[in-house]
Amino acid sequence: MNLWTVQTLVPLPVLVPLFAAGLALALHRYQRAQRIISVVALSVVAAASAGLVVVAQDGPVAIDLGGWAAPVGVNLVADPLASLMLLVSSIMLLCVLLYSMAQGIADGNDRAAPATKDAEELRKALEAQDPDADEGRQRDVLPVAIFHPTYLILAAGVADAFLAGDLFNLFVGFEILLAASYVLLTLGGTSERIRAGSVYVVVALLSSIVFLLAVGLVYAATGTVNMAQLAERLPDIDPGVRLGIQALLLLGFGIKAAIFPLSAWLPDSYPTAPAPVTAVFAGLLTKVGVYAILRTQTLLFPPNETLEAVLLVLALATMLVGILGAVAQDDVKRLLSFTLVSHIGYMIFGVALATQASTAAAIFYVVHHITVQTALFLVVGLVERRSGTTSLDRLGGLATLAPGLAILFFVPAMNLAGIPPLSGFLGKVGLLEAGVLNGSVLAWALVVGSVVTSLLTLYAVVRAWNKAFWQPAPEDVRVPEPSPLPWGMVGPTAALVALSVSLTVAAGPLYDYAARAADTAMDGHSYVDAVFPDGAPRGTGTSDDVTDDGEEDRP
Amino acid sequence: MIVLDNVPSGALLLAVGVLFAAGVYLLLERSLTRVLLGFVLLGNGVNLAILLAGGRAGAPPITGTDDPEPMSDPLAQVMILTSIVITLALVAFVLAMAYRSWQLHGHDEVQDDLEDTRIARLAIEDAPSYADSDAVESGVTLDEEAVAARDEVALPDTVEQPRNRGGDGS
């Protein structure tokens with residue numbers, strides 16, 4: 001088998017971080033080696049994703065793994081949608097990794113998890129990290145020894161979820177990234193993180209069960225979990241069964257994507273994690289849920305107007321409830337978590353309209369939102385580092401203390417609110433256009449709701465900016481000594497902010513690419529043709545002859 | 001070509017239903033250990049459901065044997081094996097988390113949402129949801145509240161100290 005084909009690129013984003021994670025765990029005593037491994041692995045992933053983005057332009061690239069052909073075996077498919085998501089998320093993961101490494105270095109290596117097996121000593125070290133003990137100083141404890149491997153596993157899980165060509169592999173990808181996220185969220189095991197973590201973990205476990213049950217039902221109804229084959233078979237099954245499966249899948253993904261009635265867990269759990277971890281979660285995890293909704297809605301299921309109407313209502317509720325929550329917050333991290341929930345509504349709006357234009361706008365919006373939301377959380381991490389708090393009641397005067405920080409916050413904040421000509425504005429305009437073209441009363445309600453949400457977002461972030469940067473600090477608050485922020489942390493943040501601005505500059509080509517991704521995902525044959533070339537009943541992999549009649553076994 | 005009977009066994013269906021009912025009941029509990037047991041039951045219920053999706057049991061799905069009986073569906077079994085492994089790992093993690101919670105607080109109960117407690121308190125005081133420059137500032141940050149937040153159904157920490165808690169006296 002020729003190793004040097006474009007198909008070789010497809011499994012790399014999953015395999016490289018997994019192997020690197022094992023290596024990093026084995027070398028946990030050598031922090032420098034760990035760092036090098038992590039950076040190299042994620043750079044390779046980013047390069048491979050960039051390659052896939054170019055290759056997938058001409059059509060999805062599929063590869064069968066494990067020596068079994070597609071409907072039976074596991075396959076990975078890199079279509080333009082998956083490749084684009086992969087590229088953005090890998091760049092973002094790399095930036096956050098560099099940021100977190102600089103944070104760990106700056107805080108001193110003694111913050112690493114104690115390398116001891118003695119239970120008494122370990123317990124003392126853990127208790128010393130309690131916020132009760134010394135809250136302000138111990139906030140950003142990153143036990144480096146497990147941080148890097150877990151982070152790499154998270155990257156592998158995200159890549160697997162994006163590339164998965166069958167529903168069960170999608171489930172496995174979700175589980176990989178969720179398991180890693182449980183560990184990252186409860187790093188250090190402080191009482192605050194255990195409190196937030198238990199809610200997060202239980203909710204995520206429930207969503208996984210719902211998803212797995214849906215996979216089982218899909219298999220019972222169609223005899224396959226391969227997405228390409230499902231795209232052919234699902235339109236033929238009983239509409240009632242199909243609706244049930246679709247609703248169950250939406251329920252499972254909706255919890256992960258934090259759509260309104262299922263979003264209550266998010267703002268309470270994300271802000272307690274260390275700043276880089278919150279940034280990754282906010283930027284990526286919910287978007288993986290949105291991606292799964294996009295994928296299943298566009299590829300698997302035929303249009304269903306009832307469900308689309310339900311999704312539109314949920315999108316509206318997500319936007320409004322989320323942003324009203326954000327307006328009421330006096331902690332920047334929680335405020336941003338609520339805007340995150342709110343802006344998920346925009347993406348669901350695009351998915352629910354289910355036209356080519358709206359899907360393209362939703363894809364563009366996901367790309368924009370990953371970079372902007374991550375950048376904002378990283379900046380808030382810098383603010384916290386500079387001033388020791390994220391409470392708006394205690395912040396103030398940062399514009400004179402740290403003018404660079406003020407700019408770094410201001411640009412993505414305006415981008416989030418959708419001020420022209422930034423990319424947030426372009427994404428929103430695309431969604432509004434699609435909504436107006438739809439023309440139904442509900443779509444118009446969504447259009448109005450989007451504009452109101454956009455304005456309220458502007459209000460929320462401007463209030464945060466005013467209180468933290470523009471107003472003088474409250475008199476009773478002691479202004480911390482000026483200390484230069486480490487360049488290793490500012491650099492990746494600035495890079496992400498620059499990336500979010502460059503999305504504006506490169507909006508034309510990016511929007512074209514998003515439109516092509518929407519086309520490929522929605523036209524109903526590109527994806528299937530890539531998995532089953534020339535209408536063959538099976539993929540390009542090899543299976544034993546014995547399985548030839550597996551097809552007819554199914555009723 | 002012998003086609004497998006795809007009508008699942010009624011007893012197994014009933015078992016799936018019972019597992020789900022018991023699992024959901026336990027999932028609604030406050031204690032993490034019970035939630036975990038609920039998750040285990042739900043997980044097993046789903047696994048059983050997937051097994052049912054594969055049709056009735058047949059011969060072992062091993063190729064090369066001369067068994068004339070039709071084989072069981074190996075795909076369903078493969079999926080179940082994977083999900084059992086995943087469930088095992090997650091159970092281990094939640095157990096560790098419950099233990100850590102017990103170490104810290106002397107109980108493993110899921111505590112109240114911070115936002116809920118805040119809103120409930122503000123509603124009692126009839127206070128504005130946040131302090132503007134023209135309103136009175138509360139002076140208590142969310143971080144401080146998070147540390148102080150305790151669940152109303154939980155035992156107070158002073159009543160029952162875990163035996164091996166360190167001497168930090170909190």
# chains A, B, ... in the order shown; residues from 1 in each chain; ligands from 1

call {"tool": "residues_around", "arguments": {"residues": "A:Ala155", "least_positions_apart": "2", "cutoff": "8 Å", "atoms": "only C-alpha atoms", "output": "ChimeraX atom specification"}}
result
/A:14,17,90,93,151-153,157-159,177

call {"tool": "residues_around", "arguments": {"residues": "B:Asn44", "least_positions_apart": "4", "cutoff": "9 Å", "atoms": "only C-alpha atoms", "output": "list in words"}}
result
Val16, Leu19, Phe20, Phe39, Val40, Leu48, Ala49 and Ile84 of chain B

call {"tool": "closest_residue", "arguments": {"among": "A:Glu433, A:Asp58, A:Asp529, A:Asp331", "to": "A:Thr390", "atoms": "only C-alpha atoms"}}
result
A:Asp331

call {"tool": "closest_residue", "arguments": {"among": "B:Leu122, B:Ala76, B:Ala22, B:Val7", "to": "B:Leu51", "atoms": "only C-alpha atoms"}}
result
B:Ala76
